[in-house]
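Chemist: Please see the structure below; I have some questions.
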Amino acid sequence: MTIGISMAERVRTLEGSPTLALAAKAKALLKAGKPVIDLSAGEPDFPTPEPIKQAGIRAIHDNRTVYTPASGIPELRAAIAQDLTTRQGVSYEPSQVLVTSGAKHALYNAFQALCDPGDEVIIFAPYWVSYPAQVHLAGGRARIVATTEAQGYQPDLKAIQAALTPRTKAIVLNSPSNPTGALMERERLQAIARLAMERGIMIISDEIYDRLVYPPAQACSLLQAEPSAAAHTLIVNGVSKTYSMTGWRIGYIAGPKPLVEAMGALQSHSTSNPTSISQYAALAAFTQPIPDVAAMLHEFHQRRDRFVGGLNQLPGLSCFMPGGAFYAWCNITQLGQPAAVIAARWLEDIFVVGVPGEGFGSADYIRFSFAASSHSLQEGLARLASWLRQQKAAA
Ligand code: PMP
Ligand code: GLU
């Protein structure tokens, strides 16, 4: 039905998140009885740890079910500031922390607060799908700077310098990265931090996977590399991945007070506070011991080794060994067709769901999430192996 309404330019060409769309499609197929192996969304398959669930339940019983301050409950802002101070080695005040409805919302606030129409934001490809979309929604322009598998996905400083213009407002960093799982090297972080300080631009450091790092790999945050860049840094993080709390929708952004206040004002006119119950649950994550975190990390580590190792044994596929996060960024160039075509065939022929790389800025890769059961991962590998054998036989 045509409704004859002319929509705003900002949404006219906007497509929904491909990761979420594919995850929804996989769930629908599964419900329809198809033997789906869903390796699409990056979502831990563990239940939320018990002390966190209990804190949420207690919040309901205690009637903490009303509006909170729009920027978050003071206890949670203080707990996050304390955690940042300890882990980043830079002092944070509660007033420098804004609690948001997930890290995605924190990023949304950041781009809205920084970009005037035509302003530019440097984003490294492969990138997480929502960065360019969110910059566009803020009226800004995403300046994509490529990184390569051969360089371990480390951005090239000269390429960054070449992409800078008088309109550049920010550089987005994501280490460990979605979709590659690469960790940025300390020297590279330092160099980018110094460049940002020299040019007076902000760095948005999305650190949502900072606790999902597989030894001997070690995460280094931007501020651990260059503490003096704090005035030019917005740190984005949240509880979704580390604590298996994707549905609770709690993230945060921390940085210079005037920017945090501006984002708080923006939030007070858009979402108001993040869900009160979820905030109390998240408070438990920051203030109580949660042994499940180490256990989940151990499990992800084993899955990574088996799954990425398994992909690398399949003829026609190769996969970068991710140091963190829970994604296998699988190189499919040898198959001779773009990722969207191959991913669609895997879905149709063997019901294995990976996210085609086009949404992340590369048609040569398919992203698998290994935040899925060991059984699914093993079965996925087996089906891929037999599909590749059949292709070879038919060729
Ligand atoms: N940043 C990155 C790189 C992500 O992969 C995700 C995944 N959801 C997010 C931000 C947002 O996380 P959430 O909104 O669930 O906190
Ligand atoms: N970030 C996760 C992913 O990349 C969840 C989906 C989303 O938030 O878009 O799969």
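The chains in the structure tokens are called A, B, ... from first to last as shown; in each chain the residues are counted from 1, and the ligands are counted from 1 in the order shown.
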May I have a table of the residues of chain A lying at most 10 Å from ligand 1, giving each one's closest pair of atoms and their distance in Å to one decimal, counting only C-alpha atoms and all ligand atoms, ordered by chain and ascending residue number, as a Markdown table?
Modeler:
| residue | atom | partner | partner_atom_place_in_ligand_line | distance |
| --- | --- | --- | --- | --- |
| A:Thr19 | CA | ligand 1 | 8 (N) | 9.1 |
| A:Leu20 | CA | ligand 1 | 8 (N) | 9.1 |
| A:Ala41 | CA | ligand 1 | 8 (N) | 8.3 |
| A:Gly42 | CA | ligand 1 | 7 (C) | 6.5 |
| A:Glu43 | CA | ligand 1 | 8 (N) | 7.5 |
| A:Thr100 | CA | ligand 1 | 16 (O) | 8.7 |
| A:Ser101 | CA | ligand 1 | 14 (O) | 7.1 |
| A:Gly102 | CA | ligand 1 | 16 (O) | 3.6 |
| A:Ala103 | CA | ligand 1 | 16 (O) | 3.6 |
| A:Lys104 | CA | ligand 1 | 14 (O) | 3.8 |
| A:His105 | CA | ligand 1 | 14 (O) | 6.2 |
| A:Ala106 | CA | ligand 1 | 14 (O) | 7.8 |
| A:Leu107 | CA | ligand 1 | 10 (C) | 7.5 |
| A:Tyr108 | CA | ligand 1 | 14 (O) | 9.9 |
| A:Tyr127 | CA | ligand 1 | 3 (C) | 8.0 |
| A:Trp128 | CA | ligand 1 | 3 (C) | 5.4 |
| A:Val129 | CA | ligand 1 | 3 (C) | 8.4 |
| A:Ser130 | CA | ligand 1 | 1 (N) | 8.0 |
| A:Tyr131 | CA | ligand 1 | 1 (N) | 8.4 |
| A:Leu173 | CA | ligand 1 | 3 (C) | 9.2 |
| A:Asn174 | CA | ligand 1 | 3 (C) | 6.2 |
| A:Ser175 | CA | ligand 1 | 3 (C) | 8.3 |
| A:Pro176 | CA | ligand 1 | 3 (C) | 8.3 |
| A:Ser177 | CA | ligand 1 | 3 (C) | 6.3 |
| A:Asn178 | CA | ligand 1 | 3 (C) | 4.9 |
| A:Pro179 | CA | ligand 1 | 5 (O) | 7.6 |
| A:Gly181 | CA | ligand 1 | 3 (C) | 9.9 |
| A:Ser205 | CA | ligand 1 | 1 (N) | 9.6 |
| A:Asp206 | CA | ligand 1 | 1 (N) | 6.0 |
| A:Glu207 | CA | ligand 1 | 1 (N) | 7.5 |
| A:Ile208 | CA | ligand 1 | 1 (N) | 5.8 |
| A:Tyr209 | CA | ligand 1 | 3 (C) | 7.4 |
| A:Val236 | CA | ligand 1 | 10 (C) | 7.9 |
| A:Asn237 | CA | ligand 1 | 16 (O) | 7.0 |
| A:Gly238 | CA | ligand 1 | 16 (O) | 5.2 |
| A:Val239 | CA | ligand 1 | 16 (O) | 6.5 |
| A:Ser240 | CA | ligand 1 | 16 (O) | 4.9 |
| A:Lys241 | CA | ligand 1 | 15 (O) | 7.1 |
| A:Thr242 | CA | ligand 1 | 16 (O) | 9.9 |
| A:Ser244 | CA | ligand 1 | 15 (O) | 9.6 |
| A:Met245 | CA | ligand 1 | 15 (O) | 7.9 |
| A:Thr246 | CA | ligand 1 | 15 (O) | 5.0 |
| A:Gly247 | CA | ligand 1 | 15 (O) | 7.4 |
| A:Trp248 | CA | ligand 1 | 15 (O) | 8.5 |
| A:Arg249 | CA | ligand 1 | 16 (O) | 6.1 |
| A:Ile250 | CA | ligand 1 | 16 (O) | 6.1 |
| A:Gly251 | CA | ligand 1 | 16 (O) | 5.1 |
| A:Tyr252 | CA | ligand 1 | 16 (O) | 8.3 |
| A:Ala325 | CA | ligand 1 | 5 (O) | 8.5 |
| A:Phe326 | CA | ligand 1 | 5 (O) | 9.5 |
| A:Tyr327 | CA | ligand 1 | 5 (O) | 9.6 |
Chemist: Check the DSSP output for the backbone and give back, as a PyMOL selection string, the residues of range 37-229 of chain A in strand (DSSP E).
Modeler: chain A and resi 37-38+97-100+120-125+141-146+168-174+202-206
Chemist: Go ahead and write the residues just picked, N, CA and C atoms, as a PDB file, in the first residue's frame.
Modeler:
ATOM      1  N   ILE A  37      21.793 -23.765  11.997  1.00  0.00           N
ATOM      2  CA  ILE A  37      22.961 -23.521  12.856  1.00  0.00           C
ATOM      3  C   ILE A  37      23.195 -22.022  12.803  1.00  0.00           C
ATOM      4  N   ASP A  38      22.820 -21.356  13.886  1.00  0.00           N
ATOM      5  CA  ASP A  38      22.832 -19.896  13.877  1.00  0.00           C
ATOM      6  C   ASP A  38      24.147 -19.354  14.440  1.00  0.00           C
ATOM      7  N   VAL A  97      30.320  10.049  33.707  1.00  0.00           N
ATOM      8  CA  VAL A  97      29.773   8.783  33.201  1.00  0.00           C
ATOM      9  C   VAL A  97      28.281   8.945  32.916  1.00  0.00           C
ATOM     10  N   LEU A  98      27.869   8.539  31.727  1.00  0.00           N
ATOM     11  CA  LEU A  98      26.444   8.532  31.383  1.00  0.00           C
ATOM     12  C   LEU A  98      26.022   7.086  31.161  1.00  0.00           C
ATOM     13  N   VAL A  99      24.995   6.647  31.898  1.00  0.00           N
ATOM     14  CA  VAL A  99      24.478   5.290  31.700  1.00  0.00           C
ATOM     15  C   VAL A  99      23.451   5.347  30.560  1.00  0.00           C
ATOM     16  N   THR A 100      23.568   4.400  29.636  1.00  0.00           N
ATOM     17  CA  THR A 100      22.731   4.438  28.428  1.00  0.00           C
ATOM     18  C   THR A 100      21.998   3.111  28.229  1.00  0.00           C
ATOM     19  N   GLU A 120      32.827  15.060   9.653  1.00  0.00           N
ATOM     20  CA  GLU A 120      33.323  13.739   9.262  1.00  0.00           C
ATOM     21  C   GLU A 120      33.835  12.935  10.456  1.00  0.00           C
ATOM     22  N   VAL A 121      33.635  11.638  10.346  1.00  0.00           N
ATOM     23  CA  VAL A 121      34.108  10.716  11.381  1.00  0.00           C
ATOM     24  C   VAL A 121      34.904   9.612  10.692  1.00  0.00           C
ATOM     25  N   ILE A 122      36.116   9.396  11.163  1.00  0.00           N
ATOM     26  CA  ILE A 122      36.964   8.346  10.571  1.00  0.00           C
ATOM     27  C   ILE A 122      36.628   7.003  11.211  1.00  0.00           C
ATOM     28  N   ILE A 123      36.349   6.043  10.312  1.00  0.00           N
ATOM     29  CA  ILE A 123      35.975   4.692  10.761  1.00  0.00           C
ATOM     30  C   ILE A 123      36.865   3.700  10.015  1.00  0.00           C
ATOM     31  N   PHE A 124      37.446   2.772  10.741  1.00  0.00           N
ATOM     32  CA  PHE A 124      38.294   1.774  10.087  1.00  0.00           C
ATOM     33  C   PHE A 124      37.457   0.604   9.593  1.00  0.00           C
ATOM     34  N   ALA A 125      37.728   0.192   8.351  1.00  0.00           N
ATOM     35  CA  ALA A 125      37.076  -0.998   7.809  1.00  0.00           C
ATOM     36  C   ALA A 125      38.040  -2.164   7.957  1.00  0.00           C
ATOM     37  N   ARG A 141      29.380  12.487   7.993  1.00  0.00           N
ATOM     38  CA  ARG A 141      29.850  11.641   6.893  1.00  0.00           C
ATOM     39  C   ARG A 141      30.904  10.688   7.415  1.00  0.00           C
ATOM     40  N   ALA A 142      30.729   9.410   7.120  1.00  0.00           N
ATOM     41  CA  ALA A 142      31.729   8.427   7.539  1.00  0.00           C
ATOM     42  C   ALA A 142      32.866   8.432   6.539  1.00  0.00           C
ATOM     43  N   ARG A 143      34.091   8.644   7.026  1.00  0.00           N
ATOM     44  CA  ARG A 143      35.281   8.524   6.161  1.00  0.00           C
ATOM     45  C   ARG A 143      35.903   7.173   6.469  1.00  0.00           C
ATOM     46  N   ILE A 144      35.780   6.245   5.515  1.00  0.00           N
ATOM     47  CA  ILE A 144      36.238   4.879   5.783  1.00  0.00           C
ATOM     48  C   ILE A 144      37.725   4.749   5.444  1.00  0.00           C
ATOM     49  N   VAL A 145      38.490   4.257   6.375  1.00  0.00           N
ATOM     50  CA  VAL A 145      39.918   4.000   6.150  1.00  0.00           C
ATOM     51  C   VAL A 145      40.119   2.487   6.246  1.00  0.00           C
ATOM     52  N   ALA A 146      40.630   1.906   5.148  1.00  0.00           N
ATOM     53  CA  ALA A 146      40.752   0.442   5.098  1.00  0.00           C
ATOM     54  C   ALA A 146      41.907  -0.061   5.962  1.00  0.00           C
ATOM     55  N   THR A 168      36.904  16.892  10.123  1.00  0.00           N
ATOM     56  CA  THR A 168      36.986  15.677  10.938  1.00  0.00           C
ATOM     57  C   THR A 168      36.687  16.003  12.403  1.00  0.00           C
ATOM     58  N   LYS A 169      35.722  15.296  12.942  1.00  0.00           N
ATOM     59  CA  LYS A 169      35.352  15.517  14.341  1.00  0.00           C
ATOM     60  C   LYS A 169      35.836  14.400  15.252  1.00  0.00           C
ATOM     61  N   ALA A 170      35.909  13.189  14.693  1.00  0.00           N
ATOM     62  CA  ALA A 170      36.231  12.064  15.579  1.00  0.00           C
ATOM     63  C   ALA A 170      36.795  10.889  14.798  1.00  0.00           C
ATOM     64  N   ILE A 171      37.493  10.025  15.542  1.00  0.00           N
ATOM     65  CA  ILE A 171      37.980   8.751  15.015  1.00  0.00           C
ATOM     66  C   ILE A 171      37.365   7.670  15.902  1.00  0.00           C
ATOM     67  N   VAL A 172      36.841   6.623  15.269  1.00  0.00           N
ATOM     68  CA  VAL A 172      36.260   5.533  16.055  1.00  0.00           C
ATOM     69  C   VAL A 172      37.267   4.392  16.158  1.00  0.00           C
ATOM     70  N   LEU A 173      37.512   3.946  17.368  1.00  0.00           N
ATOM     71  CA  LEU A 173      38.364   2.770  17.587  1.00  0.00           C
ATOM     72  C   LEU A 173      37.509   1.661  18.196  1.00  0.00           C
ATOM     73  N   ASN A 174      37.841   0.433  17.828  1.00  0.00           N
ATOM     74  CA  ASN A 174      37.107  -0.705  18.396  1.00  0.00           C
ATOM     75  C   ASN A 174      38.077  -1.872  18.563  1.00  0.00           C
ATOM     76  N   MET A 202      38.111  14.214  18.673  1.00  0.00           N
ATOM     77  CA  MET A 202      37.795  13.219  19.698  1.00  0.00           C
ATOM     78  C   MET A 202      38.071  11.811  19.182  1.00  0.00           C
ATOM     79  N   ILE A 203      38.390  10.936  20.125  1.00  0.00           N
ATOM     80  CA  ILE A 203      38.438   9.509  19.803  1.00  0.00           C
ATOM     81  C   ILE A 203      37.285   8.851  20.547  1.00  0.00           C
ATOM     82  N   ILE A 204      36.489   8.101  19.794  1.00  0.00           N
ATOM     83  CA  ILE A 204      35.425   7.316  20.423  1.00  0.00           C
ATOM     84  C   ILE A 204      35.969   5.901  20.506  1.00  0.00           C
ATOM     85  N   SER A 205      36.254   5.454  21.706  1.00  0.00           N
ATOM     86  CA  SER A 205      36.890   4.144  21.869  1.00  0.00           C
ATOM     87  C   SER A 205      35.850   3.143  22.365  1.00  0.00           C
ATOM     88  N   ASP A 206      35.399   2.302  21.439  1.00  0.00           N
ATOM     89  CA  ASP A 206      34.379   1.301  21.761  1.00  0.00           C
ATOM     90  C   ASP A 206      35.094   0.069  22.319  1.00  0.00           C
TER      91      ASP A 206
END
Chemist: Could you pull out the alpha helix (DSSP H) residues of range 94-242 of chain A, going by DSSP on the backbone, and write them as a VMD selection string?
Modeler: chain A and resid 103 to 114 130 to 137 157 to 163 186 to 199 222 to 225
Chemist: Grab the residues selected above and save them as a CSV table (one decimal), in the first residue's frame with N, CA and C atoms.
Modeler:
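Output contents, as saved in part.csv:
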chain,number,residue,atom,x,y,z
A,103,ALA,N,25.4,-0.2,24.7
A,103,ALA,CA,26.5,0.6,24.2
A,103,ALA,C,26.1,1.2,22.8
A,104,LYS,N,25.2,0.5,22.1
A,104,LYS,CA,24.8,1.1,20.8
A,104,LYS,C,24.2,2.5,21.0
A,105,HIS,N,23.4,2.6,22.1
A,105,HIS,CA,22.8,3.9,22.4
A,105,HIS,C,23.9,4.9,22.8
A,106,ALA,N,24.9,4.4,23.5
A,106,ALA,CA,26.0,5.3,23.9
A,106,ALA,C,26.6,5.9,22.7
A,107,LEU,N,26.9,5.1,21.7
A,107,LEU,CA,27.5,5.5,20.4
A,107,LEU,C,26.6,6.5,19.7
A,108,TYR,N,25.3,6.2,19.7
A,108,TYR,CA,24.3,7.1,19.1
A,108,TYR,C,24.4,8.5,19.7
A,109,ASN,N,24.4,8.5,21.0
A,109,ASN,CA,24.5,9.8,21.7
A,109,ASN,C,25.8,10.5,21.3
A,110,ALA,N,26.9,9.8,21.2
A,110,ALA,CA,28.2,10.4,20.9
A,110,ALA,C,28.1,11.1,19.6
A,111,PHE,N,27.7,10.4,18.5
A,111,PHE,CA,27.7,11.0,17.2
A,111,PHE,C,26.7,12.2,17.1
A,112,GLN,N,25.6,12.0,17.9
A,112,GLN,CA,24.6,13.1,17.9
A,112,GLN,C,25.2,14.4,18.6
A,113,ALA,N,26.0,14.1,19.6
A,113,ALA,CA,26.6,15.2,20.3
A,113,ALA,C,27.8,15.9,19.6
A,114,LEU,N,28.4,15.1,18.7
A,114,LEU,CA,29.6,15.6,18.1
A,114,LEU,C,29.4,16.2,16.7
A,130,SER,N,27.0,-0.7,12.7
A,130,SER,CA,26.2,0.5,13.1
A,130,SER,C,26.9,1.8,13.1
A,131,TYR,N,28.3,1.7,13.0
A,131,TYR,CA,29.0,3.0,13.0
A,131,TYR,C,28.6,4.0,11.9
A,132,PRO,N,28.8,3.5,10.6
A,132,PRO,CA,28.4,4.4,9.5
A,132,PRO,C,27.0,4.9,9.6
A,133,ALA,N,26.1,4.0,9.9
A,133,ALA,CA,24.7,4.3,10.0
A,133,ALA,C,24.4,5.4,11.0
A,134,GLN,N,25.1,5.3,12.1
A,134,GLN,CA,24.8,6.2,13.2
A,134,GLN,C,25.4,7.6,12.9
A,135,VAL,N,26.6,7.6,12.2
A,135,VAL,CA,27.2,8.9,11.8
A,135,VAL,C,26.2,9.5,10.8
A,136,HIS,N,25.7,8.8,9.8
A,136,HIS,CA,24.7,9.3,8.9
A,136,HIS,C,23.5,9.9,9.6
A,137,LEU,N,23.0,9.2,10.6
A,137,LEU,CA,21.8,9.7,11.3
A,137,LEU,C,22.1,11.0,12.1
A,157,LEU,N,48.9,4.8,9.9
A,157,LEU,CA,48.9,6.2,10.3
A,157,LEU,C,48.8,7.2,9.2
A,158,LYS,N,49.6,6.8,8.1
A,158,LYS,CA,49.6,7.7,7.0
A,158,LYS,C,48.2,7.8,6.3
A,159,ALA,N,47.5,6.6,6.3
A,159,ALA,CA,46.2,6.6,5.7
A,159,ALA,C,45.2,7.4,6.6
A,160,ILE,N,45.4,7.4,7.9
A,160,ILE,CA,44.6,8.2,8.8
A,160,ILE,C,44.8,9.7,8.5
A,161,GLN,N,46.1,10.1,8.4
A,161,GLN,CA,46.4,11.5,8.2
A,161,GLN,C,45.8,11.9,6.8
A,162,ALA,N,45.9,11.1,5.8
A,162,ALA,CA,45.4,11.4,4.5
A,162,ALA,C,43.8,11.6,4.6
A,163,ALA,N,43.2,10.9,5.5
A,163,ALA,CA,41.7,11.0,5.6
A,163,ALA,C,41.2,12.2,6.4
A,186,ARG,N,49.7,-1.3,21.1
A,186,ARG,CA,49.9,-0.1,22.0
A,186,ARG,C,50.5,1.1,21.2
A,187,GLU,N,51.5,0.8,20.4
A,187,GLU,CA,52.2,2.0,19.7
A,187,GLU,C,51.2,2.6,18.7
A,188,ARG,N,50.4,1.8,18.1
A,188,ARG,CA,49.4,2.4,17.2
A,188,ARG,C,48.4,3.2,17.9
A,189,LEU,N,48.0,2.8,19.1
A,189,LEU,CA,47.0,3.5,19.9
A,189,LEU,C,47.6,4.9,20.3
A,190,GLN,N,48.9,4.8,20.7
A,190,GLN,CA,49.6,6.0,21.1
A,190,GLN,C,49.7,7.0,20.0
A,191,ALA,N,50.0,6.5,18.8
A,191,ALA,CA,50.2,7.4,17.7
A,191,ALA,C,48.8,8.0,17.3
A,192,ILE,N,47.8,7.3,17.4
A,192,ILE,CA,46.4,7.8,17.0
A,192,ILE,C,46.0,8.8,18.1
A,193,ALA,N,46.3,8.5,19.4
A,193,ALA,CA,45.9,9.4,20.5
A,193,ALA,C,46.6,10.8,20.3
A,194,ARG,N,47.9,10.7,19.9
A,194,ARG,CA,48.7,11.9,19.8
A,194,ARG,C,48.2,12.7,18.6
A,195,LEU,N,47.8,12.0,17.5
A,195,LEU,CA,47.3,12.7,16.4
A,195,LEU,C,46.0,13.5,16.7
A,196,ALA,N,45.1,12.8,17.5
A,196,ALA,CA,43.9,13.4,17.9
A,196,ALA,C,44.1,14.6,18.8
A,197,MET,N,45.1,14.5,19.6
A,197,MET,CA,45.3,15.7,20.5
A,197,MET,C,45.9,16.9,19.7
A,198,GLU,N,46.8,16.5,18.8
A,198,GLU,CA,47.3,17.6,17.9
A,198,GLU,C,46.3,18.3,17.1
A,199,ARG,N,45.3,17.5,16.6
A,199,ARG,CA,44.3,18.1,15.7
A,199,ARG,C,43.1,18.5,16.4
A,222,LEU,N,43.0,2.5,24.8
A,222,LEU,CA,43.6,3.8,24.3
A,222,LEU,C,44.2,4.5,25.5
A,223,LEU,N,43.5,4.6,26.6
A,223,LEU,CA,44.1,5.5,27.7
A,223,LEU,C,45.2,4.7,28.4
A,224,GLN,N,45.2,3.4,28.4
A,224,GLN,CA,46.4,2.7,29.0
A,224,GLN,C,47.6,3.0,28.1
A,225,ALA,N,47.4,3.2,26.8
A,225,ALA,CA,48.5,3.5,25.9
A,225,ALA,C,48.9,4.9,26.1
Chemist: Hey, which of A:Ser270, A:Phe360, A:Pro322, A:Lys257 ends up closest to Pro216 in chain A? Count only C-alpha atoms.
Modeler: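 Closest to Pro216 in chain A of all the choices is A:Pro322.
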Chemist: Determine, counting only C-alpha atoms, which protein, DNA and RNA residues have an atom within 10 Å of an atom of Phe286 in chain A; residues of the same chain fewer than 4 positions away are not included. Present the result as a count of residues only.
Modeler: 11
Chemist: Report, in Å with one decimal, the straight-line distance from CA of Trp346 in chain A to CA of Asp364 in chain A.
Modeler: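 Separation between CA of Trp346 in chain A and CA of Asp364 in chain A: 15.0 Å.
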Chemist: Taking 5 positions as the minimum chain separation for residues in the same chain, which residues sit within 9 Å of Val260 in chain A when counting only C-alpha atoms? Answer as a PDB file with C-alpha atoms, in the first residue's frame.
Modeler:
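This went into part.pdb:
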ATOM      1  CA  SER A  95      29.649  13.039  36.632  1.00  0.00           C
ATOM      2  CA  GLN A  96      31.836  11.941  33.698  1.00  0.00           C
ATOM      3  CA  VAL A  97      29.773   8.783  33.201  1.00  0.00           C
ATOM      4  CA  LEU A  98      26.444   8.532  31.383  1.00  0.00           C
ATOM      5  CA  ALA A 110      28.176  10.403  20.930  1.00  0.00           C
ATOM      6  CA  LEU A 234      34.962   9.050  24.901  1.00  0.00           C
ATOM      7  CA  ILE A 253      29.854   6.397  27.846  1.00  0.00           C
ATOM      8  CA  ALA A 254      32.535   8.244  29.788  1.00  0.00           C
ATOM      9  CA  GLY A 255      34.556  11.302  28.932  1.00  0.00           C
ATOM     10  CA  ALA A 265      20.539  16.409  28.173  1.00  0.00           C
TER      11      ALA A 265
END
Chemist: Quick one: distance from CA of Ala231 in chain A to CA of Pro166 in chain A in Å, one decimal?
Modeler: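 Separation of CA of Ala231 in chain A and CA of Pro166 in chain A: 19.6 Å.
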Chemist: Considering only C-alpha atoms, return as a ChimeraX atom specification whatever protein or nucleic-acid residues lie within 9 Å of Gly354 in chain A, sequence-local ones (same chain, fewer than 4 positions apart) excluded.
Modeler: /A:22,38-41,343-344,346-347,366-369
Chemist: Save the residues we just selected, N, CA and C atoms, as a PDB file, in the first residue's frame?
Modeler:
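Saved result, selection23.pdb, follows:
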ATOM      1  N   LEU A  22      19.519 -10.773  10.370  1.00  0.00           N
ATOM      2  CA  LEU A  22      19.863 -12.161  10.085  1.00  0.00           C
ATOM      3  C   LEU A  22      19.577 -13.054  11.297  1.00  0.00           C
ATOM      4  N   ASP A  38      22.820 -21.356  13.886  1.00  0.00           N
ATOM      5  CA  ASP A  38      22.832 -19.896  13.877  1.00  0.00           C
ATOM      6  C   ASP A  38      24.147 -19.354  14.440  1.00  0.00           C
ATOM      7  N   LEU A  39      24.988 -18.876  13.540  1.00  0.00           N
ATOM      8  CA  LEU A  39      26.260 -18.274  13.964  1.00  0.00           C
ATOM      9  C   LEU A  39      26.253 -16.800  13.562  1.00  0.00           C
ATOM     10  N   SER A  40      25.075 -16.189  13.650  1.00  0.00           N
ATOM     11  CA  SER A  40      24.938 -14.810  13.164  1.00  0.00           C
ATOM     12  C   SER A  40      25.237 -13.791  14.262  1.00  0.00           C
ATOM     13  N   ALA A  41      24.339 -13.580  15.187  1.00  0.00           N
ATOM     14  CA  ALA A  41      24.519 -12.449  16.115  1.00  0.00           C
ATOM     15  C   ALA A  41      25.586 -12.716  17.161  1.00  0.00           C
ATOM     16  N   ALA A 343      26.968 -16.489   1.536  1.00  0.00           N
ATOM     17  CA  ALA A 343      26.209 -16.603   2.793  1.00  0.00           C
ATOM     18  C   ALA A 343      24.776 -17.055   2.505  1.00  0.00           C
ATOM     19  N   ALA A 344      24.204 -16.527   1.425  1.00  0.00           N
ATOM     20  CA  ALA A 344      22.831 -16.916   1.070  1.00  0.00           C
ATOM     21  C   ALA A 344      22.788 -18.403   0.691  1.00  0.00           C
ATOM     22  N   TRP A 346      24.868 -20.762   1.772  1.00  0.00           N
ATOM     23  CA  TRP A 346      25.046 -21.565   2.983  1.00  0.00           C
ATOM     24  C   TRP A 346      23.732 -21.635   3.777  1.00  0.00           C
ATOM     25  N   LEU A 347      23.041 -20.540   3.776  1.00  0.00           N
ATOM     26  CA  LEU A 347      21.750 -20.526   4.488  1.00  0.00           C
ATOM     27  C   LEU A 347      20.770 -21.487   3.803  1.00  0.00           C
ATOM     28  N   ILE A 366      33.048 -13.567   5.509  1.00  0.00           N
ATOM     29  CA  ILE A 366      31.784 -13.851   6.196  1.00  0.00           C
ATOM     30  C   ILE A 366      32.100 -13.946   7.684  1.00  0.00           C
ATOM     31  N   ARG A 367      31.256 -13.317   8.488  1.00  0.00           N
ATOM     32  CA  ARG A 367      31.501 -13.338   9.924  1.00  0.00           C
ATOM     33  C   ARG A 367      30.670 -14.417  10.609  1.00  0.00           C
ATOM     34  N   PHE A 368      31.356 -15.276  11.350  1.00  0.00           N
ATOM     35  CA  PHE A 368      30.656 -16.237  12.196  1.00  0.00           C
ATOM     36  C   PHE A 368      30.854 -15.818  13.640  1.00  0.00           C
ATOM     37  N   SER A 369      29.798 -15.942  14.428  1.00  0.00           N
ATOM     38  CA  SER A 369      29.948 -15.709  15.862  1.00  0.00           C
ATOM     39  C   SER A 369      30.210 -17.057  16.520  1.00  0.00           C
TER      40      SER A 369
END
Chemist: Kindly indicate which residue among A:Ser6, A:Pro338, A:Cys115, A:Thr180 lies nearest to ligand 2, using only C-alpha atoms and all ligand atoms for the distances.
Modeler: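 That would be A:Thr180, the residue with the smallest distance to ligand 2.
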Chemist: Write out as a list in words which residues come within 8 Å of range 349-351 of chain A when counting only C-alpha atoms, dropping same-chain ones fewer than 6 positions away.
Modeler: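 Result of the neighbour search: Lys34, Pro35, Val36, Ile37, Arg383, Leu384 and Trp387 of chain A.
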Chemist: Find the residue from A:Met296, A:Val353, A:Leu14, A:Leu314 that sits nearest to Lys27 in chain A; use only C-alpha atoms when measuring.
Modeler: A:Val353
Chemist: Can you measure CA of Glu15 in chain A to CA of Ala262 in chain A for me? One decimal in Å is fine.
Modeler: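 So the two atoms, CA of Glu15 in chain A and CA of Ala262 in chain A, lie 27.9 Å apart.
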Chemist: Between A:Ala26, A:Ala219, A:Ala21, A:Met184, which one has atoms that come closest to ligand 2, using only C-alpha atoms and all ligand atoms?
Modeler: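 Residue with the minimum atom-to-atom distance to ligand 2: A:Ala21.
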Chemist: When you count only C-alpha atoms, which of these residues is closest to Ala294 in chain A: A:Ala8, A:Pro49, A:Gln154, A:Ala328?
Modeler: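 Using only C-alpha atoms, Ala294 in chain A sits closest to A:Pro49.
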Chemist: Give the answer as one residue: which of A:Thr68, A:Gln151, A:Gln302, A:Ser17 has the shortest atom-to-atom distance to ligand 2, using only C-alpha atoms and all ligand atoms?
Modeler: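 Looking only at the distances to ligand 2, the closest residue turns out to be A:Ser17.
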